[in-house]
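Below you'll find the structure, written out as structure tokens, and then a few comments.
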Amino acid sequence: MRPMTASPPNELRSAHGHRSVAHLKDHWYVLCTSSELRTRPLARTLMGTPLVLFRNANGEPGALLDRCPHRNVPLSMGSVEGAELQCGYHGWRFDTAGTCTTVPGLCGDPVDRARNVASHACKEQDGWVWVWGEPDSEPTREPYHPKAAGLKGYTEVRRTVDFEATLHATIENALDVPHTAFLHKGLFRGGREPVEIRAVVTRGADGAQVQYLDEPRPPGLAAKLLSPSGGVVTHYDRFWMPSISEVEYNIGTENHLVTTGICTPVDDFHTRIYAHVAFKLRLPGWLVAPVLQPIVMKIFNQDAWVLREQTAASERWDGEVYTSTELDLMGPQVWRLMRRSQQGRPAEDDDWSKEVRLRV
Amino acid sequence: MRPMTASPPNELRSAHGHRSVAHLKDHWYVLCTSSELRTRPLARTLMGTPLVLFRNANGEPGALLDRCPHRNVPLSMGSVEGAELQCGYHGWRFDTAGTCTTVPGLCGDPVDRARNVASHACKEQDGWVWVWGEPDSEPTREPYHPKAAGLKGYTEVRRTVDFEATLHATIENALDVPHTAFLHKGLFRGGREPVEIRAVVTRGADGAQVQYLDEPRPPGLAAKLLSPSGGVVTHYDRFWMPSISEVEYNIGTENHLVTTGICTPVDDFHTRIYAHVAFKLRLPGWLVAPVLQPIVMKIFNQDAWVLREQTAASERWDGEVYTSTELDLMGPQVWRLMRRSQQGRPAEDDDWSKEVRLRV
Amino acid sequence: MRPMTASPPNELRSAHGHRSVAHLKDHWYVLCTSSELRTRPLARTLMGTPLVLFRNANGEPGALLDRCPHRNVPLSMGSVEGAELQCGYHGWRFDTAGTCTTVPGLCGDPVDRARNVASHACKEQDGWVWVWGEPDSEPTREPYHPKAAGLKGYTEVRRTVDFEATLHATIENALDVPHTAFLHKGLFRGGREPVEIRAVVTRGADGAQVQYLDEPRPPGLAAKLLSPSGGVVTHYDRFWMPSISEVEYNIGTENHLVTTGICTPVDDFHTRIYAHVAFKLRLPGWLVAPVLQPIVMKIFNQDAWVLREQTAASERWDGEVYTSTELDLMGPQVWRLMRRSQQGRPAEDDDWSKEVRLRV
């Protein structure tokens with residue numbers, strides 16, 4: 001049956017269906033915080049695949065495909081019994097390796113390969129439960145560790161925020177400077193005459209970085225709180241494959257702020273950010289944190305709003321029809337790294353770098 | 001335009017699109033109760049096809065395709081005028097045979113084959129309005145008559161329940177024993193150590209049966225009400241093509257209970273059960289019925305919940321990925337009969353039988 | 001993934017996907033009233049294409065494709081700054097010709113063909129903002145001017161009404177007489193024995209007309225208000241390509257009523273009518289208007305209801321399965337003109353005419 005909703009005439013679709021979506025499986029992703037995973041199974045989705053999380057007898061997390069092999073009912077509708085996950089329909093039980101150990105009512109041996117369910121490697125680190133993207137395989141690296149997590153003298157704030165956007169669009173937004181003067185007007189940048197500064201973009205095998213040179217202290221409200229006395233600003237925006245954004249600020253000599261976005265591609269058009277903000281400032285953290293938090297959440301809400309519209313546009317126009325300029329410092333680098341990995345091509349050996357002038 | 005919702009990566013789809021759906025048209029289906037069909041037309045859907053029901057001048061039911069031939073407006077939006085159904089847009093009228101008898105405003109003869117609408121044979125029996133699945137054709141058999149309907153000394157209870165599930169999944173659930181100890185824990189079976197019993201499965205041309213041997217009296221609450229003094233249990237689960245489930249219990253010498261599910265495939269993933277419970281017990285029916293009804297409805301609600309999730313899984317995974325065991329006594333027999341009929345192959349001549357041991 | 005909703009079996013789909021939808025671009029369409037377009041950008045959709053309307057420094061309206069070339073965010077989410085439209089994400093600015101004049105932060109020249117956005121010719125006339133359907137092209141004619149708009153002695157009433165229906169179905173409904181006795185029973189026609197009258201249908205290059213001969217004064221309530229003393233009725237229904245319905249009544253010597261429906265094809269299955277009613281009656285306009293308006297709105301609501309069902313039927317049955325009679329005076333003419341234009345065939349030279357007898 002044909003869809004009855006509005007469809008733009010073909011001649012107006014110039015996107016040819018392209019969308020910046022990649023499924024990068026050989027990586028760790030955060031699926032919940034440690035405190036969310038308690039005595040009940042937890043349903044989560046990773047790159048479109050429903051998973052169920054639970055803890056075994058040692059308290060270690062397990063992640064299985066969220067589908068009972070018997071009649072396909074989600075295992076997350078069941079319960080944790082002892083160290084095993086029990087389906088709510090017929091009571092089949094599974095351990096964290098996905099092995100079916102019990103088929104109630106059956107007189108013979110319950111163990112049978114066909115009754116097992118796919119399992120994902122799990123690791124609990126820094127207060128998050130990390131899950132390896134590829135089922136039934138051994139991780140080949142360690143999860144990412146946020147730069148200033150657990151450091152003495154730092155205040156840490158965590159939030160979970162959902163965006164209706166691709167992983168790529170979410171990370172590009174998180175690491176984009178020019179939009180802050182417009183979308184976040186008054187909160188971040190803007191409010192004075194722009195000055196010309198330099199930005200050095202570098203791309204390596206596993207990530208990319210922008211270093212901003214000659215940047216004045218941002219005049220916005222957030223910056224005033226961070227450093228009342230002003231001072232020299234050093235500012236780096238970084239991307240770590242496949243899903244980490246990192247924004248690092250030093251303002252003056254005593255103010256250090258790192259905002260990390262650990263992104264989970266829930267599905268092609270939904271991204272969850274496990275945000276981690278760590279800072280050491282002249283002002284005490286207990287004073288800054290309650291002021292900073294509503295500002296950060298307002299910024300997140302504005303970004304969520306514009307990204308939702310960007311995603312809707314990609315649906316409406318059958319793909320992305322982007323026109324980038326030299327101000328788009330990070331987005332094209334992020335996509336180049338994602339696409340290369342998705343296509344299974346080896347990372348580029350040599351670091352690449354360029355300098356761009358912009359007005360902020 | 002591509003769908004923007006989550007889609008599991010291809011390598012996780014192992015179902016290849018199979019779903020246990022059959023459209024079996026040469027059969028009777030209940031579309032409403034007798035009391036529901038009064039002076040107004042009634043919109044119903046059968047195997048995805050919208051139909052309209054109404055009564056003619058003799059009070060006999062008629063069922064037409066719910067689409068006016070003129071501008072396709074549903075006839076169920078119209079009204080019954082005399083013995084005819086009148087469209088609400090331009091007032092065209094149709095009799096129960098689907099013949100257009102009136103085109104208001106037209107100076108010539110209104111009768112014209114192109115203005116007729118497809119009609120289905122109807123029959124009112126046992127308080128239900130039955131409709132033949134094939135349009136414009138003569139029924140080749142009689143509607144099903146519930147075993148203990150209208151029998152002296154029996155109490156009868158009727159309920160209509162909707163399931164978001166295929167006809168096959170609904171009937172498999174209604175005739176499945178092992179799930180009752182888990183999904184309906186405490187209401188039905190469970191609460192004691194399982195004992196090993198035998199089940200004899202038989203499949204004929206028009207249905208299948210499971211006879212349970214050596215079954216102890218169920219320890220659940222419902223069973224206690226049915227037979228306070230205990231006694232020998234005889235228990236049959238039966239399927240009658242294409243859409244009838246029948247569960248028959250004798251407990252002791254004086255307790256007889258038959259639960260019939262007359263199922264209507266509303267569309268591929270919606271099934272309506274016209275449930276009929278008839279019983280003759282040591283306890284008086286006026287005492288048992290009000291206690292039994294909320295228990296039965298709770299069981300229905302739990303089944304509806306798990307079937308809805310099973311259906312959603314079939315959508316999410318692009319089909320069914322079932323792993324059956326020998327405990328799945330009825331489901332595979334039901335599907336074998338449905339599929340054979342759908343494919344137009346003759347029914348198997350010889351009765352087939354096997355014995356299975358299980359723990360209940 | 002297969003859709004899980006009800007799908008009628010193939011053998012019941014006789015429509016073969018036909019729907020009376022045409023995209024006629026070389027025409028003017030009303031996208032808003034003059035008073036709706038103030039200081040903020042306005043999102044509108046024309047034939048499935050999202051557009052944004054705003055006013056330039058001279059107060060003249062502009063219409064651009066509602067998609068920023070940079071990251072595809074709708075420009076209607078932005079703001080009007082001076083005479084230009086500014087995107088809400090990165091602050092890019094566009095004039096009414098669609099030229100990008102500003103890229104904030106960029107050190108070089110902002111003007112670049114790739115940064116421009118498609119624009120549509122606009123014209124403000126008779127209190128509506130008209131937009132040319134083809135982007136980046138010069139209009140080849142003038143917008144339609146309602147027959148009795150701005151005439152001395154006439155009372156004018158305007159309403160905007162939305163229909164979930166194709167442009168063709170909406171116009172056919174607006175110009176169809178036989179349904180009024182049923183769908184609008186008591187409000188319009190009906191309530192007396194039908195009389196036989198003649199109708200002369202004429203079709204030219206740019207429109208079609210029905211003239212009704214020998215028509216008695218309608219007995220409904222609306223007609224009584226219009227002409228308490230009765231009198232000879234002259235009645236014309238007209239269609240003007242591609243989207244105008246016009247119903248003109250003279251009742252007696254002093255009563256003249258013209259109802260114009262200026263239709264906008266929002267998308268294939270949504271049509272907005274900018275309705276214009278102009279009348280000069282024996283009764284004073286200030287007395288008639290408040291009585292007439294609720295009746296007209298009730299008629300619109302009934303039409304919206306039936307057209308929504310007609311559209312849903314077209315979706316359900318995978319197209320239109322119409323059976324027309326000689327009473328369908330206008331619908332086939334309207335579709336013939338639309339289809340010919342859509343196919344780019346030249347208009348038929350000779351006027352075509354026929355006479356039909358009908359009972360009203």
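By order of appearance in the structure tokens: chains A, B, ..., then residues from 1 within every chain, and ligands from 1 in the order shown.
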Next on the checklist: List the spatial neighbours of region 92-103 of chain C as a ChimeraX atom specification - criterion: any atom at most 6 Å away, only C-alpha atoms, same-chain residues fewer than 6 positions off excluded.
Outcome noted: /C:62,84-86,110-111,115-119
With N, CA and C atoms retained, export the selected residues as a short mmCIF file (atom, residue, chain, number, x, y, z; two decimals), in the first residue's frame.
```
data_model
loop_
_atom_site.label_atom_id
_atom_site.label_comp_id
_atom_site.auth_asym_id
_atom_site.auth_seq_id
_atom_site.Cartn_x
_atom_site.Cartn_y
_atom_site.Cartn_z
N GLY C 62 8.06 37.00 0.36
CA GLY C 62 8.98 36.08 -0.32
C GLY C 62 8.67 34.66 0.12
N GLU C 84 15.85 40.24 5.74
CA GLU C 84 16.32 38.92 5.37
C GLU C 84 15.85 37.86 6.37
N LEU C 85 15.89 36.63 5.90
CA LEU C 85 15.52 35.49 6.72
C LEU C 85 16.81 34.86 7.26
N GLN C 86 16.88 34.67 8.58
CA GLN C 86 18.09 34.15 9.20
C GLN C 86 17.83 32.75 9.77
N PRO C 110 30.68 35.59 1.42
CA PRO C 110 29.60 34.63 1.70
C PRO C 110 28.86 34.18 0.44
N VAL C 111 28.89 35.01 -0.62
CA VAL C 111 28.06 34.69 -1.80
C VAL C 111 28.67 33.54 -2.60
N ARG C 115 25.23 28.02 -1.89
CA ARG C 115 24.61 28.38 -0.61
C ARG C 115 23.23 29.00 -0.80
N ASN C 116 22.80 29.18 -2.03
CA ASN C 116 21.47 29.76 -2.26
C ASN C 116 20.37 28.72 -2.08
N VAL C 117 19.16 29.23 -1.92
CA VAL C 117 18.02 28.35 -1.72
C VAL C 117 16.97 28.68 -2.78
N ALA C 118 16.23 27.69 -3.23
CA ALA C 118 15.23 27.90 -4.27
C ALA C 118 14.18 28.90 -3.80
N SER C 119 13.74 29.77 -4.71
CA SER C 119 12.73 30.77 -4.34
C SER C 119 11.54 30.71 -5.30
#
```
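The protein and nucleic acid residues lying at most 8 Å from region 240-257 of chain A are Leu24, His27, Leu167, Ile171, Ala174, Leu175, Asp206, Gly207, Ala208, Arg217, Leu226, Ser227, Gly230, Gly231, Val232, Val233, Thr234, Cys263, Thr264, Val277, Ala278, Phe279, Lys280, Leu281, Arg282, Leu337 and Met338 of chain A, with only C-alpha atoms considered and sequence neighbours fewer than 6 positions away removed.
Using only C-alpha atoms, the part of chain B that sits within 7 Å of chain C is made up of Gly48, Thr49, Pro69, His70, Arg71, Asn72, Val73, Gly88, Tyr89, His90, Gly91, Gly105, Leu106, Cys107, Ala114, Arg115, Asp267, Asp268, Phe269, Glu315 and Asp318 of chain B.
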Checklist entry - Between CA of Ala289 (chain B) and CA of Gly127 (chain B), what is the spacing in Å? => result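 Computing the Euclidean distance for CA of Gly127 (chain B) and CA of Ala289 (chain B) yields 19.5 Å.
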Checklist entry - What residues in region 210-332 of chain A get the DSSP label helix (DSSP H, G or I)? Please answer as a ChimeraX atom specification. => result /A:221-226,285-316,331-332
Using only C-alpha atoms, please write the residues we just selected to a file, as a PDB file, in the first residue's frame.
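Saved to result-v5.pdb:
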```
ATOM      1  CA  LEU A 221      27.211  33.975  31.333  1.00  0.00           C
ATOM      2  CA  ALA A 222      28.746  30.523  31.699  1.00  0.00           C
ATOM      3  CA  ALA A 223      32.241  31.836  31.020  1.00  0.00           C
ATOM      4  CA  LYS A 224      31.855  34.652  33.566  1.00  0.00           C
ATOM      5  CA  LEU A 225      31.093  32.132  36.250  1.00  0.00           C
ATOM      6  CA  LEU A 226      34.034  29.980  35.307  1.00  0.00           C
ATOM      7  CA  GLY A 285      32.576  23.338  42.802  1.00  0.00           C
ATOM      8  CA  TRP A 286      29.616  23.234  45.219  1.00  0.00           C
ATOM      9  CA  LEU A 287      28.906  26.845  44.260  1.00  0.00           C
ATOM     10  CA  VAL A 288      29.392  26.495  40.506  1.00  0.00           C
ATOM     11  CA  ALA A 289      27.677  23.156  39.883  1.00  0.00           C
ATOM     12  CA  PRO A 290      24.091  24.214  40.780  1.00  0.00           C
ATOM     13  CA  VAL A 291      24.430  27.361  38.612  1.00  0.00           C
ATOM     14  CA  LEU A 292      26.090  25.550  35.735  1.00  0.00           C
ATOM     15  CA  GLN A 293      23.649  22.667  35.516  1.00  0.00           C
ATOM     16  CA  PRO A 294      20.522  24.531  34.355  1.00  0.00           C
ATOM     17  CA  ILE A 295      22.635  26.381  31.766  1.00  0.00           C
ATOM     18  CA  VAL A 296      24.067  23.122  30.454  1.00  0.00           C
ATOM     19  CA  MET A 297      20.613  21.554  30.313  1.00  0.00           C
ATOM     20  CA  LYS A 298      19.233  24.569  28.432  1.00  0.00           C
ATOM     21  CA  ILE A 299      22.063  24.226  25.900  1.00  0.00           C
ATOM     22  CA  PHE A 300      21.293  20.499  25.546  1.00  0.00           C
ATOM     23  CA  ASN A 301      17.601  21.264  25.006  1.00  0.00           C
ATOM     24  CA  GLN A 302      18.336  23.800  22.288  1.00  0.00           C
ATOM     25  CA  ASP A 303      20.682  21.347  20.574  1.00  0.00           C
ATOM     26  CA  ALA A 304      18.080  18.560  20.872  1.00  0.00           C
ATOM     27  CA  TRP A 305      15.495  20.838  19.238  1.00  0.00           C
ATOM     28  CA  VAL A 306      17.639  21.755  16.235  1.00  0.00           C
ATOM     29  CA  LEU A 307      18.952  18.199  15.780  1.00  0.00           C
ATOM     30  CA  ARG A 308      15.414  16.810  15.803  1.00  0.00           C
ATOM     31  CA  GLU A 309      14.543  19.227  12.995  1.00  0.00           C
ATOM     32  CA  GLN A 310      17.717  18.293  11.115  1.00  0.00           C
ATOM     33  CA  THR A 311      16.736  14.609  11.361  1.00  0.00           C
ATOM     34  CA  ALA A 312      13.169  15.341  10.241  1.00  0.00           C
ATOM     35  CA  ALA A 313      14.591  17.243   7.259  1.00  0.00           C
ATOM     36  CA  SER A 314      16.719  14.255   6.307  1.00  0.00           C
ATOM     37  CA  GLU A 315      13.548  12.133   6.321  1.00  0.00           C
ATOM     38  CA  ARG A 316      11.517  14.731   4.441  1.00  0.00           C
ATOM     39  CA  GLY A 331      31.895  17.264  10.963  1.00  0.00           C
ATOM     40  CA  PRO A 332      33.682  16.260   7.727  1.00  0.00           C
TER      41      PRO A 332
END
```
Next on the checklist: Report as JSON, numbers by chain all protein, DNA and RNA residues lying within 6 Å of region 346-355 of chain A, evaluated on only C-alpha atoms, omitting residues in the same chain fewer than 5 positions from it.
Outcome noted: {"A": [199, 200, 201, 202, 203, 204, 205]}
Next on the checklist: I want to know what sits within 10 Å of Glu142 (chain A), based on only C-alpha atoms, with residues of the same chain fewer than 3 positions away left out; could you give that as a ChimeraX atom specification?
Outcome noted: /A:27-28,123,125,130,132,139,145
Could you write out that same residue set with N, CA and C atoms as a PDB file, in the first residue's frame?
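Full text of again_19.pdb as output:
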```pdb
ATOM      1  N   HIS A  27      33.483  -1.890  18.921  1.00  0.00           N
ATOM      2  CA  HIS A  27      33.744  -0.813  19.868  1.00  0.00           C
ATOM      3  C   HIS A  27      32.881  -1.004  21.110  1.00  0.00           C
ATOM      4  N   TRP A  28      33.290  -0.332  22.183  1.00  0.00           N
ATOM      5  CA  TRP A  28      32.502  -0.327  23.417  1.00  0.00           C
ATOM      6  C   TRP A  28      31.499   0.814  23.395  1.00  0.00           C
ATOM      7  N   LYS A 123      31.519  -4.744  30.415  1.00  0.00           N
ATOM      8  CA  LYS A 123      32.536  -4.284  31.348  1.00  0.00           C
ATOM      9  C   LYS A 123      31.997  -3.076  32.104  1.00  0.00           C
ATOM     10  N   GLN A 125      32.847   0.181  34.191  1.00  0.00           N
ATOM     11  CA  GLN A 125      34.019   1.058  34.379  1.00  0.00           C
ATOM     12  C   GLN A 125      33.555   2.491  34.531  1.00  0.00           C
ATOM     13  N   TRP A 130      29.517  -0.796  30.056  1.00  0.00           N
ATOM     14  CA  TRP A 130      29.936  -0.766  28.652  1.00  0.00           C
ATOM     15  C   TRP A 130      29.642  -2.118  28.007  1.00  0.00           C
ATOM     16  N   TRP A 132      30.147  -4.404  24.344  1.00  0.00           N
ATOM     17  CA  TRP A 132      30.869  -4.520  23.073  1.00  0.00           C
ATOM     18  C   TRP A 132      29.842  -4.678  21.945  1.00  0.00           C
ATOM     19  N   PRO A 139      36.349  -8.555  22.897  1.00  0.00           N
ATOM     20  CA  PRO A 139      36.789  -7.172  22.687  1.00  0.00           C
ATOM     21  C   PRO A 139      38.283  -7.108  22.396  1.00  0.00           C
ATOM     22  N   HIS A 145      38.213   6.116  28.767  1.00  0.00           N
ATOM     23  CA  HIS A 145      38.205   6.650  30.128  1.00  0.00           C
ATOM     24  C   HIS A 145      38.215   8.175  30.057  1.00  0.00           C
TER      25      HIS A 145
END
```
Next on the checklist: Based on the backbone DSSP call, show me all residues of region 96-228 of chain A assigned strand (DSSP E), as a ChimeraX atom specification.
Outcome noted: /A:100-102,119-120,122-125,128-132,155-163,196-203,207-213
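A straight line drawn from CA of Arg141 (chain A) to CA of Asp26 (chain A) is 9.0 Å long.
All residues of protein, DNA or RNA that reach within 8 Å of Val131 (chain C), judged by only C-alpha atoms and not counting those fewer than 4 positions away in the chain, are Trp28, Tyr29, Val30, Leu31, Ala63, His120, Ala121, Cys122 and Lys123 of chain C.
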